[in-house]
file target_14.cif (mmCIF, C-alpha atoms and all ligand atoms)
data_entry
loop_
_atom_site.label_atom_id
_atom_site.label_comp_id
_atom_site.auth_asym_id
_atom_site.auth_seq_id
_atom_site.Cartn_x
_atom_site.Cartn_y
_atom_site.Cartn_z
CA MET N 1256 -9.06 -19.75 -25.72
CA ARG N 1257 -11.12 -22.12 -27.90
CA ALA N 1258 -10.47 -25.83 -28.37
CA VAL N 1259 -11.24 -25.60 -32.08
CA ASP N 1260 -8.37 -23.14 -32.62
CA LEU N 1261 -5.92 -25.44 -30.82
CA ILE N 1262 -7.05 -28.44 -32.89
CA ARG N 1263 -6.51 -26.40 -36.07
CA LYS N 1264 -3.10 -25.25 -34.88
CA LYS N 1265 -1.93 -28.83 -34.24
CA ARG N 1266 -3.55 -30.04 -37.47
CA ASP N 1267 -1.40 -27.49 -39.30
CA ALA N 1268 1.76 -28.73 -37.52
CA ALA N 1269 2.29 -25.65 -35.34
CA GLU N 1270 3.60 -25.90 -31.77
CA LEU N 1271 1.14 -25.37 -28.90
CA SER N 1272 2.24 -23.30 -25.92
CA ARG N 1273 2.28 -24.61 -22.34
CA GLU N 1274 -0.83 -22.50 -21.56
CA GLU N 1275 -2.66 -23.96 -24.54
CA ILE N 1276 -1.85 -27.53 -23.50
CA GLU N 1277 -2.84 -26.78 -19.90
CA PHE N 1278 -6.15 -25.37 -21.20
CA LEU N 1279 -6.84 -28.61 -23.11
CA ILE N 1280 -5.95 -30.90 -20.19
CA ALA N 1281 -7.98 -28.82 -17.71
CA GLY N 1282 -10.89 -29.11 -20.16
CA VAL N 1283 -10.42 -32.89 -20.33
CA THR N 1284 -10.25 -33.25 -16.53
CA ARG N 1285 -13.25 -31.03 -15.78
CA GLY N 1286 -15.30 -32.33 -18.70
CA HIS N 1287 -15.56 -28.86 -20.31
CA ILE N 1288 -14.30 -29.95 -23.72
CA PRO N 1289 -16.48 -32.49 -25.56
CA ASP N 1290 -15.03 -35.88 -26.48
CA TYR N 1291 -15.21 -35.17 -30.23
CA GLN N 1292 -12.90 -32.17 -29.89
CA ILE N 1293 -10.46 -34.03 -27.67
CA ALA N 1294 -10.45 -36.96 -30.10
CA ALA N 1295 -9.77 -34.61 -33.02
CA TRP N 1296 -6.84 -33.08 -31.15
CA LEU N 1297 -5.47 -36.54 -30.30
CA MET N 1298 -5.60 -37.54 -33.96
CA ALA N 1299 -3.78 -34.33 -34.91
CA VAL N 1300 -1.06 -35.24 -32.37
CA VAL N 1301 -0.78 -38.76 -33.86
CA TRP N 1302 -0.12 -37.22 -37.27
CA ARG N 1303 1.91 -34.17 -36.35
CA GLY N 1304 3.83 -35.30 -33.26
CA MET N 1305 5.01 -33.01 -30.49
CA SER N 1306 8.05 -30.92 -29.66
CA SER N 1307 10.00 -31.62 -26.43
CA ALA N 1308 8.44 -28.55 -24.85
CA GLU N 1309 4.93 -29.69 -25.77
CA LEU N 1310 5.58 -33.21 -24.43
CA ALA N 1311 6.92 -31.81 -21.14
CA ALA N 1312 3.88 -29.54 -20.79
CA LEU N 1313 1.48 -32.38 -21.61
CA THR N 1314 3.07 -34.84 -19.16
CA GLU N 1315 3.15 -32.27 -16.35
CA ALA N 1316 -0.44 -31.13 -16.99
CA MET N 1317 -1.63 -34.77 -16.93
CA LEU N 1318 0.39 -35.50 -13.78
CA HIS N 1319 -1.06 -32.48 -11.96
CA SER N 1320 -4.61 -33.24 -13.09
CA GLY N 1321 -4.70 -35.38 -9.93
CA VAL N 1322 -2.91 -36.19 -6.71
CA VAL N 1323 0.87 -36.63 -6.66
CA LEU N 1324 1.78 -38.99 -3.84
CA ASP N 1325 4.68 -38.34 -1.54
CA TRP N 1326 6.25 -40.50 1.11
CA PRO N 1327 8.31 -38.29 3.42
CA ASP N 1328 8.34 -40.88 6.22
CA LEU N 1329 9.57 -43.91 4.29
CA PRO N 1330 13.20 -44.66 5.19
CA ALA N 1331 14.33 -46.13 1.82
CA ALA N 1332 14.04 -45.30 -1.87
CA LYS N 1333 10.75 -45.76 -3.69
CA VAL N 1334 11.23 -47.48 -7.04
CA ASP N 1335 9.02 -48.94 -9.72
CA LYS N 1336 9.14 -50.80 -13.02
CA HIS N 1337 6.82 -50.32 -15.96
CA SER N 1338 6.46 -52.38 -19.09
CA THR N 1339 5.01 -51.06 -22.33
CA GLY N 1340 3.10 -54.34 -22.66
CA GLY N 1341 3.71 -57.80 -24.04
CA VAL N 1342 2.52 -61.41 -24.20
CA GLY N 1343 3.30 -63.60 -21.18
CA ASP N 1344 4.90 -60.47 -19.75
CA LYS N 1345 4.47 -61.13 -16.05
CA THR N 1346 7.67 -59.81 -14.48
CA SER N 1347 5.95 -57.33 -12.10
CA LEU N 1348 4.61 -60.17 -9.95
CA VAL N 1349 8.14 -61.43 -9.33
CA ILE N 1350 10.06 -58.16 -9.26
CA ALA N 1351 7.81 -56.31 -6.84
CA PRO N 1352 8.28 -58.85 -4.00
CA VAL N 1353 11.98 -59.35 -4.84
CA VAL N 1354 12.74 -55.63 -4.57
CA ALA N 1355 10.48 -55.10 -1.54
CA ALA N 1356 12.07 -58.06 0.27
CA ALA N 1357 15.47 -56.34 0.00
CA GLY N 1358 14.20 -53.20 1.71
CA LEU N 1359 13.22 -50.76 -1.05
CA TYR N 1360 9.61 -49.60 -1.47
CA VAL N 1361 7.55 -50.46 -4.53
CA PRO N 1362 4.32 -48.40 -4.81
CA MET N 1363 3.14 -50.01 -8.04
CA ILE N 1364 0.12 -48.65 -9.91
CA SER N 1365 -0.57 -50.97 -12.83
CA GLY N 1366 -2.95 -51.36 -15.74
CA ARG N 1367 -5.27 -53.93 -17.25
CA GLY N 1368 -4.72 -55.87 -20.45
CA LEU N 1369 -4.61 -53.66 -23.50
CA GLY N 1370 -5.26 -54.97 -27.00
CA HIS N 1371 -3.49 -58.33 -27.38
CA THR N 1372 -1.24 -57.70 -24.33
CA GLY N 1373 -1.92 -58.86 -20.77
CA GLY N 1374 -2.23 -56.61 -17.71
CA THR N 1375 -0.86 -56.98 -14.19
CA LEU N 1376 -4.22 -56.19 -12.58
CA ASP N 1377 -6.03 -58.96 -14.46
CA LYS N 1378 -3.31 -61.42 -13.44
CA LEU N 1379 -3.48 -60.40 -9.78
CA GLU N 1380 -7.27 -60.68 -9.78
CA SER N 1381 -6.95 -64.35 -10.72
CA ILE N 1382 -5.71 -64.88 -7.14
CA PRO N 1383 -8.93 -65.55 -5.22
CA GLY N 1384 -9.92 -62.49 -3.16
CA PHE N 1385 -7.04 -60.23 -4.28
CA ASN N 1386 -8.20 -56.61 -4.22
CA VAL N 1387 -6.48 -54.27 -6.67
CA ASN N 1388 -8.92 -51.45 -5.93
CA LEU N 1389 -7.45 -50.16 -2.69
CA GLY N 1390 -8.09 -46.52 -1.87
CA LEU N 1391 -5.04 -44.33 -1.29
CA PRO N 1392 -5.05 -44.63 2.55
CA GLU N 1393 -5.10 -48.44 2.29
CA PHE N 1394 -2.44 -48.36 -0.45
CA ARG N 1395 -0.23 -46.41 1.98
CA ARG N 1396 -0.92 -48.85 4.81
CA VAL N 1397 0.00 -51.92 2.74
CA LEU N 1398 3.10 -50.23 1.34
CA GLU N 1399 4.32 -49.25 4.79
CA LYS N 1400 3.75 -52.75 6.14
CA CYS N 1401 5.34 -54.91 3.48
CA HIS N 1402 7.26 -52.42 1.28
CA CYS N 1403 5.02 -53.08 -1.70
CA ALA N 1404 1.43 -52.57 -2.81
CA LEU N 1405 -0.05 -53.41 -6.19
CA ILE N 1406 -3.12 -51.47 -7.26
CA GLY N 1407 -4.95 -50.00 -10.25
CA GLN N 1408 -5.20 -46.35 -11.16
CA THR N 1409 -7.44 -44.69 -8.54
CA PRO N 1410 -9.77 -41.80 -9.50
CA GLU N 1411 -7.31 -39.40 -7.83
CA ILE N 1412 -4.25 -40.47 -9.89
CA ALA N 1413 -3.81 -38.71 -13.25
CA PRO N 1414 -7.55 -38.48 -14.04
CA ALA N 1415 -6.76 -36.75 -17.35
CA ASP N 1416 -4.92 -39.88 -18.48
CA LYS N 1417 -7.85 -42.08 -17.56
CA LYS N 1418 -10.17 -39.98 -19.72
CA LEU N 1419 -7.71 -39.62 -22.61
CA TYR N 1420 -6.79 -43.29 -22.51
CA ALA N 1421 -10.41 -44.42 -22.83
CA LEU N 1422 -10.86 -42.10 -25.82
CA ARG N 1423 -7.58 -43.17 -27.45
CA ASP N 1424 -8.54 -46.81 -27.14
CA VAL N 1425 -11.64 -46.29 -29.32
CA THR N 1426 -10.33 -43.67 -31.75
CA ALA N 1427 -7.19 -45.44 -33.03
CA THR N 1428 -4.94 -42.92 -31.26
CA VAL N 1429 -3.02 -45.22 -28.89
CA GLU N 1430 0.04 -45.60 -31.10
CA SER N 1431 1.69 -42.21 -30.72
CA PRO N 1432 5.02 -42.25 -28.87
CA TYR N 1433 4.21 -38.80 -27.42
CA LEU N 1434 0.79 -39.85 -26.12
CA ILE N 1435 2.18 -43.15 -24.78
CA CYS N 1436 5.04 -41.33 -23.06
CA ALA N 1437 2.78 -38.73 -21.41
CA SER N 1438 0.30 -41.41 -20.37
CA ILE N 1439 2.86 -43.72 -18.76
CA MET N 1440 5.06 -41.05 -17.23
CA SER N 1441 2.20 -39.01 -15.73
CA LYS N 1442 0.94 -42.10 -13.88
CA LYS N 1443 4.38 -43.27 -12.78
CA MET N 1444 5.48 -39.82 -11.58
CA ALA N 1445 2.22 -39.57 -9.57
CA GLU N 1446 3.42 -42.57 -7.50
CA GLY N 1447 6.00 -40.32 -5.85
CA ILE N 1448 8.91 -42.61 -6.78
CA ASP N 1449 12.63 -41.77 -6.83
CA ALA N 1450 13.55 -44.10 -9.69
CA LEU N 1451 11.87 -45.94 -12.54
CA VAL N 1452 12.97 -48.87 -14.68
CA LEU N 1453 11.18 -49.07 -18.02
CA ASP N 1454 10.85 -52.34 -19.89
CA VAL N 1455 10.23 -51.21 -23.45
CA LYS N 1456 9.15 -54.19 -25.49
CA THR N 1457 9.92 -54.61 -29.16
CA GLY N 1458 9.02 -57.30 -31.68
CA ASP N 1459 5.91 -58.98 -33.00
CA GLY N 1460 4.16 -59.18 -29.60
CA ALA N 1461 4.83 -55.53 -28.67
CA PHE N 1462 3.11 -52.30 -29.67
CA MET N 1463 6.46 -51.09 -31.02
CA LYS N 1464 7.23 -53.75 -33.61
CA LYS N 1465 10.38 -52.02 -34.82
CA GLN N 1466 13.35 -51.65 -32.47
CA SER N 1467 13.96 -48.11 -33.74
CA ASP N 1468 10.42 -47.11 -32.65
CA ALA N 1469 10.94 -48.73 -29.23
CA GLU N 1470 14.22 -46.85 -28.84
CA TYR N 1471 12.57 -43.58 -29.80
CA LEU N 1472 9.81 -44.09 -27.21
CA ALA N 1473 12.38 -45.14 -24.59
CA GLY N 1474 14.39 -41.97 -25.28
CA LEU N 1475 11.30 -39.80 -24.81
CA MET N 1476 10.40 -41.47 -21.52
CA VAL N 1477 13.92 -41.33 -20.12
CA GLU N 1478 14.21 -37.65 -21.06
CA THR N 1479 10.80 -36.83 -19.56
CA GLY N 1480 11.49 -38.62 -16.26
CA THR N 1481 15.01 -37.22 -15.94
CA ARG N 1482 13.74 -33.70 -16.53
CA MET N 1483 11.31 -34.28 -13.66
CA GLY N 1484 14.24 -35.09 -11.37
CA LYS N 1485 13.90 -38.90 -11.34
CA LYS N 1486 16.43 -41.59 -12.12
CA VAL N 1487 15.16 -43.45 -15.17
CA VAL N 1488 16.55 -46.25 -17.31
CA ALA N 1489 14.92 -48.07 -20.21
CA LEU N 1490 15.72 -51.65 -21.22
CA ILE N 1491 14.71 -52.50 -24.77
CA THR N 1492 13.66 -56.14 -24.53
CA ASP N 1493 12.67 -58.85 -26.94
CA MET N 1494 8.99 -59.64 -27.54
CA GLU N 1495 9.35 -61.82 -30.63
CA GLN N 1496 7.90 -64.72 -28.63
CA PRO N 1497 5.94 -65.00 -25.38
CA LEU N 1498 8.00 -64.47 -22.23
CA GLY N 1499 8.23 -67.70 -20.23
CA ARG N 1500 6.06 -70.67 -21.12
CA LYS N 1501 2.65 -69.62 -19.86
CA VAL N 1502 0.18 -67.08 -21.25
CA GLY N 1503 -3.14 -66.40 -19.47
CA ASN N 1504 -3.89 -64.82 -16.13
CA ALA N 1505 -3.85 -67.63 -13.53
CA LEU N 1506 -1.29 -69.58 -15.57
CA GLU N 1507 1.03 -66.58 -15.46
CA VAL N 1508 0.61 -66.20 -11.69
CA GLU N 1509 1.49 -69.89 -11.40
CA GLU N 1510 4.65 -69.34 -13.45
CA CYS N 1511 5.67 -66.39 -11.26
CA ILE N 1512 5.23 -68.60 -8.20
CA GLU N 1513 7.53 -71.17 -9.86
CA ILE N 1514 10.17 -68.43 -10.25
CA LEU N 1515 9.77 -67.37 -6.63
CA HIS N 1516 10.40 -71.02 -5.69
CA GLY N 1517 13.67 -70.91 -7.67
CA GLN N 1518 12.19 -72.83 -10.62
CA GLY N 1519 10.44 -71.72 -13.81
CA PRO N 1520 11.69 -70.80 -17.27
CA LYS N 1521 15.14 -69.33 -17.81
CA ASP N 1522 14.13 -66.35 -19.97
CA LEU N 1523 11.56 -65.13 -17.44
CA ARG N 1524 14.01 -65.51 -14.56
CA GLU N 1525 16.74 -63.70 -16.50
CA LEU N 1526 14.53 -60.71 -17.27
CA CYS N 1527 13.20 -60.53 -13.69
CA ASP N 1528 16.77 -60.56 -12.31
CA GLU N 1529 17.84 -57.91 -14.79
CA LEU N 1530 14.96 -55.51 -14.12
CA ALA N 1531 15.19 -55.98 -10.34
CA ALA N 1532 18.96 -55.41 -10.52
CA TRP N 1533 18.43 -52.04 -12.19
CA MET N 1534 15.83 -51.10 -9.57
CA PHE N 1535 18.34 -51.91 -6.81
CA PHE N 1536 21.03 -49.87 -8.56
CA LEU N 1537 18.88 -46.81 -9.29
CA GLY N 1538 17.38 -47.01 -5.79
CA LYS N 1539 20.95 -47.00 -4.38
CA ARG N 1540 20.47 -50.35 -2.68
CA THR N 1541 23.54 -51.66 -4.55
CA LYS N 1542 26.57 -49.89 -6.00
CA THR N 1543 26.44 -51.69 -9.34
CA VAL N 1544 23.87 -53.48 -11.46
CA ASP N 1545 25.87 -56.67 -11.09
CA GLU N 1546 25.55 -56.52 -7.30
CA GLY N 1547 21.86 -55.95 -7.93
CA ARG N 1548 21.68 -59.20 -9.94
CA LYS N 1549 23.23 -61.08 -7.03
CA LEU N 1550 20.85 -59.47 -4.55
CA ALA N 1551 17.85 -60.39 -6.72
CA ALA N 1552 19.03 -64.01 -6.85
CA GLU N 1553 19.55 -64.02 -3.08
CA MET N 1554 16.00 -62.77 -2.44
CA ILE N 1555 14.72 -65.74 -4.43
CA THR N 1556 16.99 -68.49 -3.10
CA SER N 1557 16.51 -67.39 0.52
CA GLY N 1558 12.71 -67.50 0.12
CA ARG N 1559 12.40 -63.88 1.27
CA ALA N 1560 10.72 -62.74 -1.94
CA ARG N 1561 8.25 -65.60 -1.60
CA ASP N 1562 7.46 -64.56 1.98
CA THR N 1563 6.90 -60.98 0.83
CA PHE N 1564 4.59 -62.13 -1.97
CA ARG N 1565 2.51 -64.09 0.57
CA GLU N 1566 2.31 -60.99 2.75
CA ILE N 1567 1.26 -58.71 -0.14
CA ILE N 1568 -1.49 -61.15 -1.12
CA ARG N 1569 -2.69 -61.44 2.49
CA LEU N 1570 -2.74 -57.67 3.07
CA GLN N 1571 -4.65 -57.14 -0.17
CA GLY N 1572 -7.33 -59.66 0.80
CA GLY N 1573 -6.17 -62.59 -1.35
CA ASP N 1574 -5.62 -66.28 -0.70
CA ALA N 1575 -1.91 -66.33 0.23
CA ALA N 1576 -1.92 -70.14 0.29
CA VAL N 1577 -1.67 -70.08 -3.55
CA VAL N 1578 2.05 -69.37 -3.13
CA ASP N 1579 2.54 -72.87 -1.71
CA ASP N 1580 -0.34 -74.56 -3.46
CA PRO N 1581 -0.92 -73.03 -6.93
CA ALA N 1582 -3.65 -75.64 -7.56
CA ARG N 1583 -5.88 -73.21 -5.60
CA LEU N 1584 -5.74 -70.82 -8.59
CA PRO N 1585 -8.60 -71.00 -11.11
CA ARG N 1586 -8.10 -73.65 -13.82
CA ALA N 1587 -9.81 -74.07 -17.17
CA LYS N 1588 -11.88 -77.26 -17.49
CA HIS N 1589 -10.47 -78.52 -20.78
CA THR N 1590 -7.21 -78.74 -22.68
CA ALA N 1591 -6.35 -79.21 -26.37
CA ARG N 1592 -2.97 -79.77 -27.98
CA ILE N 1593 -1.44 -78.04 -30.99
CA THR N 1594 1.01 -80.40 -32.69
CA ALA N 1595 3.82 -79.95 -35.21
CA ARG N 1596 3.03 -80.74 -38.84
CA GLN N 1597 6.69 -81.32 -39.68
CA SER N 1598 10.02 -82.01 -38.01
CA GLY N 1599 12.70 -79.34 -37.66
CA TYR N 1600 13.37 -76.33 -35.44
CA VAL N 1601 10.93 -73.66 -34.27
CA THR N 1602 12.12 -70.55 -36.13
CA ALA N 1603 9.34 -68.12 -35.18
CA ILE N 1604 6.25 -67.82 -32.98
CA HIS N 1605 3.92 -65.03 -34.09
CA CYS N 1606 3.54 -63.46 -30.73
CA GLU N 1607 0.73 -61.00 -31.42
CA GLN N 1608 -1.37 -63.92 -32.69
CA VAL N 1609 -0.66 -65.77 -29.45
CA GLY N 1610 -1.91 -62.74 -27.51
CA ILE N 1611 -5.04 -62.58 -29.67
CA ALA N 1612 -5.59 -66.34 -29.18
CA SER N 1613 -5.42 -65.89 -25.40
CA MET N 1614 -7.87 -62.98 -25.65
CA THR N 1615 -10.18 -65.08 -27.83
CA LEU N 1616 -10.24 -67.80 -25.16
CA GLY N 1617 -11.42 -65.17 -22.63
CA GLY N 1618 -8.04 -64.21 -21.15
CA GLY N 1619 -8.43 -60.59 -22.32
CA ARG N 1620 -11.17 -58.16 -23.27
CA GLU N 1621 -12.35 -57.39 -26.76
CA LYS N 1622 -14.69 -54.69 -25.44
CA LYS N 1623 -14.21 -52.70 -22.24
CA GLU N 1624 -17.20 -54.31 -20.55
CA ASP N 1625 -16.11 -57.92 -21.26
CA SER N 1626 -15.25 -60.02 -18.23
CA ILE N 1627 -12.06 -62.07 -17.95
CA ASP N 1628 -11.94 -65.85 -17.68
CA PRO N 1629 -8.93 -66.22 -15.34
CA GLY N 1630 -8.21 -69.91 -15.90
CA VAL N 1631 -7.79 -69.94 -19.69
CA GLY N 1632 -4.56 -69.58 -21.65
CA ILE N 1633 -1.76 -71.37 -23.42
CA VAL N 1634 1.21 -73.38 -22.15
CA PHE N 1635 4.15 -73.62 -24.54
CA GLU N 1636 6.09 -76.87 -24.84
CA LYS N 1637 8.32 -75.49 -27.59
CA LYS N 1638 9.86 -72.10 -28.06
CA ILE N 1639 12.08 -70.51 -30.69
CA GLY N 1640 15.20 -72.63 -31.32
CA ASP N 1641 13.70 -75.88 -29.96
CA LYS N 1642 13.95 -79.06 -32.02
CA VAL N 1643 10.61 -80.72 -32.82
CA GLU N 1644 9.47 -83.99 -34.33
CA ALA N 1645 6.37 -84.11 -36.53
CA GLY N 1646 3.35 -84.78 -34.29
CA ALA N 1647 5.04 -83.45 -31.13
CA ASN N 1648 3.12 -81.10 -28.87
CA LEU N 1649 3.92 -77.42 -29.54
CA CYS N 1650 1.57 -75.94 -26.98
CA THR N 1651 -1.48 -76.80 -24.90
CA VAL N 1652 -4.61 -74.66 -24.95
CA HIS N 1653 -6.51 -74.34 -21.66
CA TYR N 1654 -10.15 -73.44 -22.36
CA ASN N 1655 -13.63 -73.41 -20.91
CA LEU N 1656 -16.00 -72.61 -23.79
CA ASP N 1657 -16.03 -74.99 -26.79
CA SER N 1658 -17.22 -72.12 -29.00
CA ARG N 1659 -13.99 -70.21 -28.42
CA LEU N 1660 -11.61 -73.05 -29.16
CA PRO N 1661 -11.58 -73.30 -33.00
CA HIS N 1662 -10.51 -69.68 -33.58
CA ALA N 1663 -7.78 -69.93 -30.93
CA VAL N 1664 -6.53 -73.23 -32.36
CA ASP N 1665 -6.46 -71.73 -35.84
CA LEU N 1666 -4.44 -68.72 -34.66
CA LEU N 1667 -2.01 -70.84 -32.67
CA SER N 1668 -1.47 -73.43 -35.41
CA ARG N 1669 -0.52 -70.60 -37.75
CA SER N 1670 1.69 -68.95 -35.12
CA PHE N 1671 4.50 -71.50 -35.26
CA GLU N 1672 7.05 -71.54 -38.05
CA ILE N 1673 9.27 -74.62 -38.35
CA GLY N 1674 12.42 -74.68 -40.47
CA GLU N 1675 15.32 -76.99 -41.14
CA GLN N 1676 17.95 -74.93 -39.31
CA PRO N 1677 17.80 -73.45 -35.82
CA PRO N 1678 17.58 -69.63 -35.93
CA PRO N 1679 20.42 -67.52 -34.49
CA ASN N 1680 20.08 -66.75 -30.77
CA SER N 1681 18.76 -63.30 -30.08
CA PRO N 1682 19.42 -61.57 -26.76
CA LEU N 1683 16.54 -60.88 -24.37
CA VAL N 1684 17.84 -57.42 -23.44
CA ARG N 1685 18.70 -55.69 -26.69
CA LYS N 1686 19.78 -52.27 -25.51
CA ILE N 1687 19.93 -50.06 -22.44
CA ILE N 1688 19.03 -46.41 -22.72
CA GLY N 1689 19.63 -43.66 -20.17
CA ALA N 1690 22.17 -45.09 -17.69
CA THR N 1691 25.35 -47.08 -17.30
CA GLU N 1692 25.86 -50.10 -15.04
CA THR N 1693 28.04 -48.37 -12.45
CA GLU N 1694 27.94 -44.97 -10.75
N1 LIG N 1701 0.32 -47.98 -21.30
C1 LIG N 1701 -0.17 -46.81 -20.80
O1 LIG N 1701 -0.34 -46.66 -19.60
N2 LIG N 1701 -0.44 -45.83 -21.65
C2 LIG N 1701 -0.27 -45.94 -22.98
O2 LIG N 1701 -0.54 -44.99 -23.69
C3 LIG N 1701 0.22 -47.16 -23.51
C4 LIG N 1701 0.53 -48.18 -22.63
#
call {"tool": "encode", "arguments": {"input": "target_14.cif", "output": "structure tokens"}}
result
Amino acid sequence: MRAVDLIRKKRDAAELSREEIEFLIAGVTRGHIPDYQIAAWLMAVVWRGMSSAELAALTEAMLHSGVVLDWPDLPAAKVDKHSTGGVGDKTSLVIAPVVAAAGLYVPMISGRGLGHTGGTLDKLESIPGFNVNLGLPEFRRVLEKCHCALIGQTPEIAPADKKLYALRDVTATVESPYLICASIMSKKMAEGIDALVLDVKTGDGAFMKKQSDAEYLAGLMVETGTRMGKKVVALITDMEQPLGRKVGNALEVEECIEILHGQGPKDLRELCDELAAWMFFLGKRTKTVDEGRKLAAEMITSGRARDTFREIIRLQGGDAAVVDDPARLPRAKHTARITARQSGYVTAIHCEQVGIASMTLGGGREKKEDSIDPGVGIVFEKKIGDKVEAGANLCTVHYNLDSRLPHAVDLLSRSFEIGEQPPPNSPLVRKIIGATETE
């Protein structure tokens, strides 16, 4: 078999066989196929798409390019949640301890910020000392002890995805629903979980701007996971504005701590409860999703989720005292305010621009080798539907470097739209794909 023939075949919209896809992925994993040929094949996939059989073969080949974890000795279901990426999208830090506190296991392998979206690993690393680079034996140990461990992709987990992902990032081949599906599902299936809840974001701050595209991707992921014998549900959720009020790594950890103390913004709390409820239901901890909602709330009001979060941080080398004293988290040195030019109602917040502004301040990476400034970010005073007076504060920018401020201020000032009438309310969870709320 020759890679060039398989690139030509896909370029001409023909279907590759399982053997042909396995040949390509083995070549990626072992380094036998040069990057330029892999990149050409990826671009052909972006243009031509994939059949269900090709997608299944690709996901399985990527999954088996590395270790697939299993947990025969754990006495309860292993469940996880994965988001396709958003702005202020910090639910993992709340959900993981909530679900673990109620007895299920959450072996969560997460990613870093991607493009204008934030990443769980970067947020966790803003907690002083927190180590996301545990090896697999340590990952097991932490999971067994406190029912949850939060790490990055190790070299053993889906190495083909790691290689493909790095190439996709620099060859404009991220935005293919087939490649996104295979990438996410190969990593999640490698965790050895029984059930997966997918938070598929749609709107200006998401990769899938159109709801129909988000639904298509969700359908592919649900089908792929179900075929692999897992329980999978996808929630299509709103990303037309940042989730919660804080964007930026340490600021987002602080907001999650507020939620774990029973405070914090309503939208963030609602989505955390909803996603955790589905994890409880699919993991058979509750009989219905509604019971799951109640259980999630109980884990927060009783303080048990907070205790679990402290324990996760401690076992992963971090400063667990941040849970009771968030002032220990890194803070930017300066703040600047963005004010309203007119009175009215906030009708839109251009969410991708907010993500880019946070990245500009140092909250994300423009190039792979860039380092993160954990204390920077944006705190929103006003969100969509809020009434504002001219001159009122819309949001506060937290920054360290003066040189980065003007561009961020420019982006944020242009992000807000103010009109005379409040916009209609739009639901946070727009659609559920792949399951119903009761057995
Ligand atoms: N997240 C992933 O892990 N992979 C993708 O392709 C996109 C988002």
call {"tool": "closest_residue", "arguments": {"input": "target_14.cif", "among": "N:Ala1663, N:Val1477, N:Ala1351, N:Leu1369", "to": "Glu1621 of chain N", "atoms": "only C-alpha atoms"}}
result
N:Leu1369
call {"tool": "closest_residue", "arguments": {"input": "target_14.cif", "among": "N:Glu1495, N:Gly1618, N:Lys1539, N:Ala1294", "to": "Ala1427 of chain N", "atoms": "only C-alpha atoms"}}
result
N:Ala1294
call {"tool": "axis_aligned_box", "arguments": {"input": "target_14.cif", "around": "ligand LIG 1701 (chain N)", "padding_each_side": "6 Å", "output": "lines of an AutoDock Vina configuration file"}}
result
center_x = 0.0
center_y = -46.6
center_z = -21.6
size_x = 13.1
size_y = 15.2
size_z = 16.1
call {"tool": "residues_near_ligand", "arguments": {"input": "target_14.cif", "ligand": "ligand LIG 1701 (chain N)", "cutoff": "10 Å", "atoms": "only C-alpha atoms and all ligand atoms", "output": "PDB file with C-alpha atoms, keeping the file's coordinate frame"}}
result
ATOM      1  CA  HIS N1337       6.820 -50.320 -15.960  1.00  0.00           C
ATOM      2  CA  SER N1338       6.460 -52.380 -19.090  1.00  0.00           C
ATOM      3  CA  THR N1339       5.010 -51.060 -22.330  1.00  0.00           C
ATOM      4  CA  GLY N1340       3.100 -54.340 -22.660  1.00  0.00           C
ATOM      5  CA  ILE N1364       0.120 -48.650  -9.910  1.00  0.00           C
ATOM      6  CA  SER N1365      -0.570 -50.970 -12.830  1.00  0.00           C
ATOM      7  CA  GLY N1366      -2.950 -51.360 -15.740  1.00  0.00           C
ATOM      8  CA  ARG N1367      -5.270 -53.930 -17.250  1.00  0.00           C
ATOM      9  CA  GLY N1368      -4.720 -55.870 -20.450  1.00  0.00           C
ATOM     10  CA  LEU N1369      -4.610 -53.660 -23.500  1.00  0.00           C
ATOM     11  CA  GLY N1370      -5.260 -54.970 -27.000  1.00  0.00           C
ATOM     12  CA  THR N1372      -1.240 -57.700 -24.330  1.00  0.00           C
ATOM     13  CA  GLY N1374      -2.230 -56.610 -17.710  1.00  0.00           C
ATOM     14  CA  GLN N1408      -5.200 -46.350 -11.160  1.00  0.00           C
ATOM     15  CA  ASP N1416      -4.920 -39.880 -18.480  1.00  0.00           C
ATOM     16  CA  LYS N1417      -7.850 -42.080 -17.560  1.00  0.00           C
ATOM     17  CA  LEU N1419      -7.710 -39.620 -22.610  1.00  0.00           C
ATOM     18  CA  TYR N1420      -6.790 -43.290 -22.510  1.00  0.00           C
ATOM     19  CA  ALA N1421     -10.410 -44.420 -22.830  1.00  0.00           C
ATOM     20  CA  ARG N1423      -7.580 -43.170 -27.450  1.00  0.00           C
ATOM     21  CA  ASP N1424      -8.540 -46.810 -27.140  1.00  0.00           C
ATOM     22  CA  THR N1428      -4.940 -42.920 -31.260  1.00  0.00           C
ATOM     23  CA  VAL N1429      -3.020 -45.220 -28.890  1.00  0.00           C
ATOM     24  CA  GLU N1430       0.040 -45.600 -31.100  1.00  0.00           C
ATOM     25  CA  SER N1431       1.690 -42.210 -30.720  1.00  0.00           C
ATOM     26  CA  PRO N1432       5.020 -42.250 -28.870  1.00  0.00           C
ATOM     27  CA  TYR N1433       4.210 -38.800 -27.420  1.00  0.00           C
ATOM     28  CA  LEU N1434       0.790 -39.850 -26.120  1.00  0.00           C
ATOM     29  CA  ILE N1435       2.180 -43.150 -24.780  1.00  0.00           C
ATOM     30  CA  CYS N1436       5.040 -41.330 -23.060  1.00  0.00           C
ATOM     31  CA  ALA N1437       2.780 -38.730 -21.410  1.00  0.00           C
ATOM     32  CA  SER N1438       0.300 -41.410 -20.370  1.00  0.00           C
ATOM     33  CA  ILE N1439       2.860 -43.720 -18.760  1.00  0.00           C
ATOM     34  CA  MET N1440       5.060 -41.050 -17.230  1.00  0.00           C
ATOM     35  CA  SER N1441       2.200 -39.010 -15.730  1.00  0.00           C
ATOM     36  CA  LYS N1442       0.940 -42.100 -13.880  1.00  0.00           C
ATOM     37  CA  LYS N1443       4.380 -43.270 -12.780  1.00  0.00           C
ATOM     38  CA  PHE N1462       3.110 -52.300 -29.670  1.00  0.00           C
TER      39      PHE N1462
END
